[in-house]
Amino acid sequence: MAQIIELIRPSADRSPAPCGVLAHCGACSIQQMSYAAQLAAKQSALIKQLAALGCAEQIIGQILAPPSPFGYRTRLLMPADQQQDKLCFGLYQRGTARLVPAEGCPVQHPLTLAVLAGCRQLLASHEIQASSVGGWLHALGVRVDPHGQQAQLLLCTTSPKVPAEKTLVAQLLQLPGVFSVHLTAQAERSSYPVGPEIKHLGGGARMPFHIAGKAFLLSPATFVQTSAWAANTLGEQVLALLPEHFDRLADLYGGAGIFAQLAYGRYRQGWVVEENPSAIADLQQMIKQQALSAIRASRGRVEQRVEQLTRFAPDVAIVDPPRQGCKPPAIAALCQAKPTTLIYVACGFEALLRDGQRLLEAGYRVDAVRALDMFPHTPQLEVIMRFVAEKPAR
Ligand SMILES: C[S@@+](CC[C@H](N)C(=O)[O-])C[C@H]1O[C@@H](n2cnc3c(N)ncnc32)[C@H](O)[C@@H]1O
């Protein structure tokens with residue numbers, strides 16, 4: 001990663017960053033570029049990457065961008081620290097263990113910041129201290145649903161024992177917008193403060209998140225996109241790329257089955273595969289509540305479900321893996337099952353190029369590409385590619 005040592009002559013694309021801690025925090029590494037210049041740079045990087053797959057001309061239009069590149073993030077996980085003897089939340093300076101207080105982080109949604117400020121004040125009034133100085137609190141997680149103006153809180157702590165639990169939880173729930181309070185405990189401090197168990201302390205167990213016009217009840221351990229705009233736009237774009245009617249949908253790395261639920265009614269049978277038990281439990285609850293009997297949910301790793309995938313023989317698959325992409329057995333099974341339409345959602349270019357290459361070798365071609373700027377001020381880009389089978393296996 002390059003670092004600016006001295007600014008000799010500012011580029012015409014340089015714009016003053018509104019973030020007061022940018023120089024120390026470094027999370028938004030390209031915030032000093034005007035937003036138009038960021039998008040232009042990402043578009044040209046995308047075209048270069050797609051050329052490697054021989055499909056640069058399939059980009060349809062410009063990169064889709066949020067209405068504002070600030071105030072967009074609706075998910076936050078901030079470590080706690082004790083500075084000048086005060087509890088604070090922030091982000092680690094890149095490559096160090098030094099926490100930069102960032103409670104006014106301008107990419108965060110205003111509701112998130114309001115909830116964060118209220119929580120800090122309340123936790124401090126209970127004399128709760130950060131684990132960096134031997135206290136109880138590692139970090140705070142906040143996920144908000146701007147549509148419902150509600151927030152889900154996650155206290156990341158050293159132990160499950162909550163000081164003055166009844167009072168503290170009741171007071172947290174009285175903060176404006178707070179829907180529920182949860183806790184995850186790990187004795188040791190670590191770079192990822194969320195442990196395997198999440199305890200529900202108060203409020204609703206699952207909070208409604210509104211995505212593409214539908215409310216999804218999600219637990220705090222279930223994946224949601226970084227921003228409400230991203231979740232909505234991704235849902236709408238995937239829907240637009242799906243055929244109107246088909247037989248069997250495999251929604252792989254499906255989380256709580258958001259795509260399978262949004263596309264409900266277009267297919268006869270849907271199958272969601274997801275390793276996270278919390279996401280599968282949320283989906284099962286939705287299946288029950290909304291009578292979504294055409295969806296089956298399987299908890300497990302995609303690469304360990306290859307025989308079932310072959311037997312299920314989807315004619316459409318949505319593949320939305322984590323940044324590292326699909327494991328070799330999973331991509332091999334997809335090439336063998338060869339759904340007629342395969343929609344690959346990628347948050348990492350490297351994996352997209354590797355897995356995309358495998359799909360092309362198996363006889364797919366790319367007929368549509370969409371890109372979303374889900375993370376303004378960072379070099380990241382979310383890409384959706386539709387692969388169609390040249391010669392269906394069946
Ligand atoms: C990028 S998220 C997408 C979730 C969902 N499609 C959505 O948009 O809400 C990736 C999901 O894959 C799950 N996951 C990661 N590795 C997996 C694997 N090997 N097999 C199945 N699921 C996996 C994660 O738990 C996460 O829910």
# chains A, B, ... in the order shown; residues from 1 in each chain; ligands from 1
call {"tool": "residues_around", "arguments": {"residues": "Ile60 of chain A", "least_positions_apart": "5", "cutoff": "8 Å", "atoms": "only C-alpha atoms", "output": "list in words"}}
result
Ala368, Val369 and Arg370 of chain A
call {"tool": "write_last_selection", "arguments": {"atoms": "N, CA and C atoms", "output": "mmCIF file, in the first residue's frame"}}
result
data_model
loop_
_atom_site.group_PDB
_atom_site.id
_atom_site.type_symbol
_atom_site.label_atom_id
_atom_site.label_comp_id
_atom_site.auth_asym_id
_atom_site.auth_seq_id
_atom_site.Cartn_x
_atom_site.Cartn_y
_atom_site.Cartn_z
ATOM 1 N N ALA A 368 -23.791 -10.208 -19.139
ATOM 2 C CA ALA A 368 -24.123 -8.940 -18.475
ATOM 3 C C ALA A 368 -23.221 -8.725 -17.269
ATOM 4 N N VAL A 369 -22.860 -7.479 -17.065
ATOM 5 C CA VAL A 369 -22.044 -7.115 -15.896
ATOM 6 C C VAL A 369 -22.641 -5.848 -15.286
ATOM 7 N N ARG A 370 -22.756 -5.833 -13.979
ATOM 8 C CA ARG A 370 -23.156 -4.616 -13.271
ATOM 9 C C ARG A 370 -22.118 -4.385 -12.179
#
call {"tool": "closest_atom_pairs", "arguments": {"of": "chain A", "to": "ligand 1", "cutoff": "8 Å", "atoms": "only C-alpha atoms and all ligand atoms", "output": "JSON lines"}}
result
{"residue": "A:Thr222", "atom": "CA", "partner": "ligand 1", "partner_atom_place_in_ligand_line": "27 (O)", "distance": 6.6}
{"residue": "A:Phe223", "atom": "CA", "partner": "ligand 1", "partner_atom_place_in_ligand_line": "27 (O)", "distance": 5.0}
{"residue": "A:Val224", "atom": "CA", "partner": "ligand 1", "partner_atom_place_in_ligand_line": "9 (O)", "distance": 5.3}
{"residue": "A:Gln225", "atom": "CA", "partner": "ligand 1", "partner_atom_place_in_ligand_line": "9 (O)", "distance": 6.4}
{"residue": "A:Ala231", "atom": "CA", "partner": "ligand 1", "partner_atom_place_in_ligand_line": "8 (O)", "distance": 7.1}
{"residue": "A:Leu234", "atom": "CA", "partner": "ligand 1", "partner_atom_place_in_ligand_line": "8 (O)", "distance": 7.7}
{"residue": "A:Gly235", "atom": "CA", "partner": "ligand 1", "partner_atom_place_in_ligand_line": "8 (O)", "distance": 7.7}
{"residue": "A:Asp251", "atom": "CA", "partner": "ligand 1", "partner_atom_place_in_ligand_line": "6 (N)", "distance": 7.4}
{"residue": "A:Leu252", "atom": "CA", "partner": "ligand 1", "partner_atom_place_in_ligand_line": "21 (C)", "distance": 6.7}
{"residue": "A:Tyr253", "atom": "CA", "partner": "ligand 1", "partner_atom_place_in_ligand_line": "12 (O)", "distance": 3.7}
{"residue": "A:Gly254", "atom": "CA", "partner": "ligand 1", "partner_atom_place_in_ligand_line": "6 (N)", "distance": 4.0}
{"residue": "A:Gly255", "atom": "CA", "partner": "ligand 1", "partner_atom_place_in_ligand_line": "27 (O)", "distance": 3.8}
{"residue": "A:Ala256", "atom": "CA", "partner": "ligand 1", "partner_atom_place_in_ligand_line": "9 (O)", "distance": 6.1}
{"residue": "A:Gly257", "atom": "CA", "partner": "ligand 1", "partner_atom_place_in_ligand_line": "5 (C)", "distance": 6.4}
{"residue": "A:Ile258", "atom": "CA", "partner": "ligand 1", "partner_atom_place_in_ligand_line": "9 (O)", "distance": 5.6}
{"residue": "A:Phe259", "atom": "CA", "partner": "ligand 1", "partner_atom_place_in_ligand_line": "6 (N)", "distance": 6.6}
{"residue": "A:Val273", "atom": "CA", "partner": "ligand 1", "partner_atom_place_in_ligand_line": "21 (C)", "distance": 5.9}
{"residue": "A:Glu274", "atom": "CA", "partner": "ligand 1", "partner_atom_place_in_ligand_line": "22 (N)", "distance": 3.8}
{"residue": "A:Glu275", "atom": "CA", "partner": "ligand 1", "partner_atom_place_in_ligand_line": "22 (N)", "distance": 4.1}
{"residue": "A:Asn276", "atom": "CA", "partner": "ligand 1", "partner_atom_place_in_ligand_line": "25 (O)", "distance": 4.8}
{"residue": "A:Ala279", "atom": "CA", "partner": "ligand 1", "partner_atom_place_in_ligand_line": "27 (O)", "distance": 6.9}
{"residue": "A:Arg299", "atom": "CA", "partner": "ligand 1", "partner_atom_place_in_ligand_line": "21 (C)", "distance": 7.7}
{"residue": "A:Gly300", "atom": "CA", "partner": "ligand 1", "partner_atom_place_in_ligand_line": "21 (C)", "distance": 5.7}
{"residue": "A:Arg301", "atom": "CA", "partner": "ligand 1", "partner_atom_place_in_ligand_line": "20 (N)", "distance": 3.2}
{"residue": "A:Val302", "atom": "CA", "partner": "ligand 1", "partner_atom_place_in_ligand_line": "20 (N)", "distance": 4.1}
{"residue": "A:Glu303", "atom": "CA", "partner": "ligand 1", "partner_atom_place_in_ligand_line": "19 (N)", "distance": 6.1}
{"residue": "A:Gln304", "atom": "CA", "partner": "ligand 1", "partner_atom_place_in_ligand_line": "20 (N)", "distance": 7.9}
{"residue": "A:Val319", "atom": "CA", "partner": "ligand 1", "partner_atom_place_in_ligand_line": "6 (N)", "distance": 7.6}
{"residue": "A:Asp320", "atom": "CA", "partner": "ligand 1", "partner_atom_place_in_ligand_line": "6 (N)", "distance": 5.2}
{"residue": "A:Pro321", "atom": "CA", "partner": "ligand 1", "partner_atom_place_in_ligand_line": "10 (C)", "distance": 4.7}
{"residue": "A:Pro322", "atom": "CA", "partner": "ligand 1", "partner_atom_place_in_ligand_line": "10 (C)", "distance": 4.7}
{"residue": "A:Arg323", "atom": "CA", "partner": "ligand 1", "partner_atom_place_in_ligand_line": "1 (C)", "distance": 7.3}
{"residue": "A:Cys326", "atom": "CA", "partner": "ligand 1", "partner_atom_place_in_ligand_line": "19 (N)", "distance": 7.2}
{"residue": "A:Lys327", "atom": "CA", "partner": "ligand 1", "partner_atom_place_in_ligand_line": "19 (N)", "distance": 7.0}
{"residue": "A:Val345", "atom": "CA", "partner": "ligand 1", "partner_atom_place_in_ligand_line": "1 (C)", "distance": 8.0}
{"residue": "A:Ala346", "atom": "CA", "partner": "ligand 1", "partner_atom_place_in_ligand_line": "1 (C)", "distance": 7.8}
{"residue": "A:Cys347", "atom": "CA", "partner": "ligand 1", "partner_atom_place_in_ligand_line": "1 (C)", "distance": 7.4}
call {"tool": "closest_residue", "arguments": {"among": "A:Val194, A:Leu99, A:Leu353, A:Val178", "to": "Arg143 of chain A", "atoms": "only C-alpha atoms"}}
result
A:Val178
call {"tool": "closest_residue", "arguments": {"among": "A:Val383, A:Cys119, A:Arg75, A:Ile30", "to": "Gln171 of chain A", "atoms": "only C-alpha atoms"}}
result
A:Cys119
call {"tool": "closest_residue", "arguments": {"among": "A:Ile384, A:Ala151, A:Ala250, A:Ala45", "to": "Leu113 of chain A", "atoms": "only C-alpha atoms"}}
result
A:Ala151
call {"tool": "closest_residue", "arguments": {"among": "A:Ala80, A:His200, A:Leu249, A:Gln108", "to": "Thr157 of chain A", "atoms": "only C-alpha atoms"}}
result
A:Ala80
call {"tool": "select_by_dssp", "arguments": {"residues": "segment 161-384 of chain A", "states": "strand (DSSP E)", "output": "VMD selection string"}}
result
chain A and resid 178 to 185 199 to 203 207 to 211 214 to 218 246 to 252 267 to 274 295 to 299 316 to 319 341 to 346 364 to 372 382 to 384
call {"tool": "residues_around", "arguments": {"residues": "Gly363 of chain A", "least_positions_apart": "3", "cutoff": "12 Å", "atoms": "only C-alpha atoms", "output": "PyMOL selection string"}}
result
chain A and resi 334-342+356-360+366+387-393
call {"tool": "closest_residue", "arguments": {"among": "A:Gly265, A:Gly134, A:Pro376, A:Pro79", "to": "Glu244 of chain A", "atoms": "only C-alpha atoms"}}
result
A:Gly265
call {"tool": "closest_residue", "arguments": {"among": "A:Ala362, A:Val142, A:Ala332, A:Ala65", "to": "Thr112 of chain A", "atoms": "only C-alpha atoms"}}
result
A:Val142
call {"tool": "residues_around", "arguments": {"residues": "segment 15-20 of chain A", "least_positions_apart": "5", "cutoff": "12 Å", "atoms": "only C-alpha atoms", "output": "list in words"}}
result
Pro10, Cys25, Gly26, Ala27, Cys28, Ser29, Ile30, Gln31, Gln32, Met33, Ser34, Tyr35, Ala36, Ala37, Gln38, Pro69, Phe70, Gly71, Val100, Pro101, Ala102, Glu103, Gly104, Cys105, Pro106, Val107, Gln108 and His377 of chain A
call {"tool": "write_last_selection", "arguments": {"atoms": "C-alpha atoms", "output": "short mmCIF file (atom, residue, chain, number, x, y, z; two decimals), in the first residue's frame"}}
result
data_model
loop_
_atom_site.label_atom_id
_atom_site.label_comp_id
_atom_site.auth_asym_id
_atom_site.auth_seq_id
_atom_site.Cartn_x
_atom_site.Cartn_y
_atom_site.Cartn_z
CA PRO A 10 -2.31 18.68 -6.04
CA CYS A 25 -7.33 6.46 10.43
CA GLY A 26 -6.70 5.55 6.81
CA ALA A 27 -9.82 3.38 6.36
CA CYS A 28 -11.12 5.55 3.49
CA SER A 29 -7.87 5.49 1.59
CA ILE A 30 -9.06 7.45 -1.47
CA GLN A 31 -11.29 10.03 0.22
CA GLN A 32 -9.10 12.86 -1.03
CA MET A 33 -10.12 12.13 -4.61
CA SER A 34 -13.31 13.84 -5.75
CA TYR A 35 -16.13 11.30 -5.84
CA ALA A 36 -16.44 11.66 -9.63
CA ALA A 37 -12.74 10.86 -9.98
CA GLN A 38 -13.08 7.82 -7.69
CA PRO A 69 -20.83 8.96 -0.72
CA PHE A 70 -21.22 10.02 2.94
CA GLY A 71 -23.61 8.82 5.62
CA VAL A 100 -8.11 6.71 16.37
CA PRO A 101 -11.38 7.95 17.91
CA ALA A 102 -13.92 8.12 15.07
CA GLU A 103 -17.29 8.71 16.65
CA GLY A 104 -18.09 11.32 14.00
CA CYS A 105 -17.05 9.05 11.08
CA PRO A 106 -18.71 10.81 8.10
CA VAL A 107 -19.35 7.63 6.10
CA GLN A 108 -21.58 6.30 8.87
CA HIS A 377 -13.63 6.22 -0.60
#
call {"tool": "select_by_dssp", "arguments": {"residues": "segment 193-331 of chain A", "states": "helix (DSSP H, G or I)", "output": "PyMOL selection string"}}
result
chain A and resi 228-241+258-262+277-290+302-304+306-312+328-331
call {"tool": "residues_around", "arguments": {"residues": "Ser219 of chain A", "least_positions_apart": "6", "cutoff": "12 Å", "atoms": "only C-alpha atoms", "output": "count of residues only"}}
result
33
call {"tool": "residues_around", "arguments": {"residues": "Arg98 of chain A", "least_positions_apart": "3", "cutoff": "12 Å", "atoms": "only C-alpha atoms", "output": "CSV table (one decimal) with N, CA and C atoms, in the first residue's frame"}}
result
chain,number,residue,atom,x,y,z
A,24,HIS,N,-5.0,10.0,10.1
A,24,HIS,CA,-4.6,9.0,11.1
A,24,HIS,C,-5.2,7.6,10.9
A,25,CYS,N,-6.5,7.7,10.5
A,25,CYS,CA,-7.3,6.5,10.4
A,25,CYS,C,-7.0,5.6,9.2
A,26,GLY,N,-7.1,6.2,8.0
A,26,GLY,CA,-6.7,5.6,6.8
A,26,GLY,C,-7.7,4.5,6.3
A,79,PRO,N,-13.9,-0.8,17.8
A,79,PRO,CA,-13.3,-1.2,19.0
A,79,PRO,C,-13.3,0.0,20.0
A,80,ALA,N,-13.3,-0.4,21.3
A,80,ALA,CA,-13.3,0.6,22.4
A,80,ALA,C,-11.9,0.9,22.9
A,81,ASP,N,-11.7,2.1,23.4
A,81,ASP,CA,-10.4,2.4,24.1
A,81,ASP,C,-10.7,3.4,25.2
A,82,GLN,N,-9.7,3.6,26.0
A,82,GLN,CA,-9.8,4.6,27.1
A,82,GLN,C,-8.8,5.6,26.8
A,83,GLN,N,-9.2,6.8,26.4
A,83,GLN,CA,-8.2,7.9,26.1
A,83,GLN,C,-8.5,9.1,27.0
A,89,PHE,N,-14.7,5.2,21.1
A,89,PHE,CA,-14.8,4.2,20.1
A,89,PHE,C,-14.1,4.8,18.8
A,90,GLY,N,-13.5,3.9,18.1
A,90,GLY,CA,-12.8,4.4,16.9
A,90,GLY,C,-12.3,3.2,16.0
A,91,LEU,N,-11.3,3.6,15.2
A,91,LEU,CA,-10.8,2.6,14.2
A,91,LEU,C,-9.2,2.5,14.4
A,92,TYR,N,-8.7,1.4,14.1
A,92,TYR,CA,-7.2,1.3,14.3
A,92,TYR,C,-6.5,2.0,13.1
A,93,GLN,N,-5.5,2.7,13.5
A,93,GLN,CA,-4.7,3.3,12.4
A,93,GLN,C,-4.1,2.2,11.6
A,94,ARG,N,-4.0,2.3,10.3
A,94,ARG,CA,-3.6,1.2,9.5
A,94,ARG,C,-2.3,0.7,9.9
A,95,GLY,N,-2.2,-0.6,10.0
A,95,GLY,CA,-0.9,-1.3,10.4
A,95,GLY,C,-0.5,-1.1,11.8
A,101,PRO,N,-9.9,7.8,17.6
A,101,PRO,CA,-11.4,8.0,17.9
A,101,PRO,C,-12.1,8.4,16.6
A,132,SER,N,-8.9,-2.6,26.5
A,132,SER,CA,-7.5,-2.2,26.3
A,132,SER,C,-6.8,-1.7,27.6
call {"tool": "decode", "arguments": {"residues": "segment 136-217 of chain A", "atoms": "C-alpha atoms", "output": "JSON list (two decimals), in the first residue's frame"}}
result
[["chain", "number", "residue", "atom", "x", "y", "z"],
["A", 136, "TRP", "CA", -15.03, -5.25, 30.18],
["A", 137, "LEU", "CA", -15.75, -3.83, 26.72],
["A", 138, "HIS", "CA", -13.85, -4.83, 23.56],
["A", 139, "ALA", "CA", -16.06, -3.12, 21.00],
["A", 140, "LEU", "CA", -19.56, -2.05, 20.02],
["A", 141, "GLY", "CA", -21.50, -3.24, 17.00],
["A", 142, "VAL", "CA", -24.41, -1.20, 15.58],
["A", 143, "ARG", "CA", -26.55, -2.15, 12.59],
["A", 144, "VAL", "CA", -29.33, 0.18, 11.55],
["A", 145, "ASP", "CA", -32.32, -0.07, 9.28],
["A", 146, "PRO", "CA", -32.91, 3.47, 7.96],
["A", 147, "HIS", "CA", -36.40, 2.54, 6.73],
["A", 148, "GLY", "CA", -37.58, 1.52, 10.20],
["A", 149, "GLN", "CA", -35.18, 3.94, 11.98],
["A", 150, "GLN", "CA", -34.12, 1.11, 14.29],
["A", 151, "ALA", "CA", -30.78, -0.17, 15.54],
["A", 152, "GLN", "CA", -29.49, -3.55, 16.67],
["A", 153, "LEU", "CA", -26.69, -3.31, 19.29],
["A", 154, "LEU", "CA", -23.94, -5.83, 19.91],
["A", 155, "LEU", "CA", -21.78, -5.47, 23.02],
["A", 156, "CYS", "CA", -18.46, -7.26, 22.47],
["A", 157, "THR", "CA", -17.10, -8.02, 25.91],
["A", 158, "THR", "CA", -14.56, -10.02, 27.90],
["A", 159, "SER", "CA", -17.22, -11.97, 29.81],
["A", 160, "PRO", "CA", -20.96, -12.67, 29.52],
["A", 161, "LYS", "CA", -21.57, -11.19, 32.97],
["A", 162, "VAL", "CA", -23.13, -7.75, 32.43],
["A", 163, "PRO", "CA", -22.58, -5.15, 35.15],
["A", 164, "ALA", "CA", -25.98, -4.02, 36.52],
["A", 165, "GLU", "CA", -27.54, -6.01, 33.66],
["A", 166, "LYS", "CA", -31.20, -5.18, 34.18],
["A", 167, "THR", "CA", -30.67, -1.43, 34.51],
["A", 168, "LEU", "CA", -28.07, -1.15, 31.75],
["A", 169, "VAL", "CA", -30.09, -3.14, 29.21],
["A", 170, "ALA", "CA", -33.28, -1.23, 30.04],
["A", 171, "GLN", "CA", -31.44, 2.08, 29.62],
["A", 172, "LEU", "CA", -29.84, 1.01, 26.33],
["A", 173, "LEU", "CA", -33.28, 0.03, 25.04],
["A", 174, "GLN", "CA", -34.57, 3.49, 25.93],
["A", 175, "LEU", "CA", -32.02, 5.21, 23.68],
["A", 176, "PRO", "CA", -33.78, 6.60, 20.58],
["A", 177, "GLY", "CA", -33.93, 3.97, 17.83],
["A", 178, "VAL", "CA", -32.48, 1.06, 19.83],
["A", 179, "PHE", "CA", -34.48, -2.06, 18.96],
["A", 180, "SER", "CA", -32.44, -4.77, 20.66],
["A", 181, "VAL", "CA", -29.31, -5.49, 22.68],
["A", 182, "HIS", "CA", -27.06, -8.55, 22.25],
["A", 183, "LEU", "CA", -23.73, -9.63, 23.67],
["A", 184, "THR", "CA", -20.77, -11.68, 22.50],
["A", 185, "ALA", "CA", -18.01, -12.55, 24.96],
["A", 186, "GLN", "CA", -14.37, -13.55, 24.41],
["A", 187, "ALA", "CA", -11.89, -13.44, 27.28],
["A", 188, "GLU", "CA", -8.98, -12.28, 25.12],
["A", 189, "ARG", "CA", -8.76, -9.15, 22.98],
["A", 190, "SER", "CA", -8.54, -9.96, 19.29],
["A", 191, "SER", "CA", -8.67, -8.16, 15.96],
["A", 192, "TYR", "CA", -12.18, -9.59, 15.44],
["A", 193, "PRO", "CA", -14.14, -9.11, 18.68],
["A", 194, "VAL", "CA", -17.21, -11.17, 17.72],
["A", 195, "GLY", "CA", -17.15, -14.65, 19.28],
["A", 196, "PRO", "CA", -19.05, -17.76, 18.14],
["A", 197, "GLU", "CA", -21.93, -17.23, 20.60],
["A", 198, "ILE", "CA", -24.28, -14.26, 20.64],
["A", 199, "LYS", "CA", -26.56, -13.83, 23.66],
["A", 200, "HIS", "CA", -29.82, -11.92, 23.37],
["A", 201, "LEU", "CA", -30.12, -9.46, 26.29],
["A", 202, "GLY", "CA", -33.28, -7.50, 25.47],
["A", 203, "GLY", "CA", -35.63, -6.10, 22.83],
["A", 204, "GLY", "CA", -36.56, -8.20, 19.79],
["A", 205, "ALA", "CA", -34.42, -11.24, 18.98],
["A", 206, "ARG", "CA", -34.56, -10.46, 15.24],
["A", 207, "MET", "CA", -34.76, -6.96, 13.80],
["A", 208, "PRO", "CA", -36.57, -6.12, 10.54],
["A", 209, "PHE", "CA", -34.19, -4.93, 7.80],
["A", 210, "HIS", "CA", -35.94, -3.55, 4.72],
["A", 211, "ILE", "CA", -34.37, -4.70, 1.47],
["A", 212, "ALA", "CA", -35.83, -4.02, -1.97],
["A", 213, "GLY", "CA", -39.30, -3.45, -0.53],
["A", 214, "LYS", "CA", -39.42, -6.46, 1.79],
["A", 215, "ALA", "CA", -38.79, -6.75, 5.55],
["A", 216, "PHE", "CA", -36.29, -9.45, 6.58],
["A", 217, "LEU", "CA", -36.07, -10.44, 10.24]]
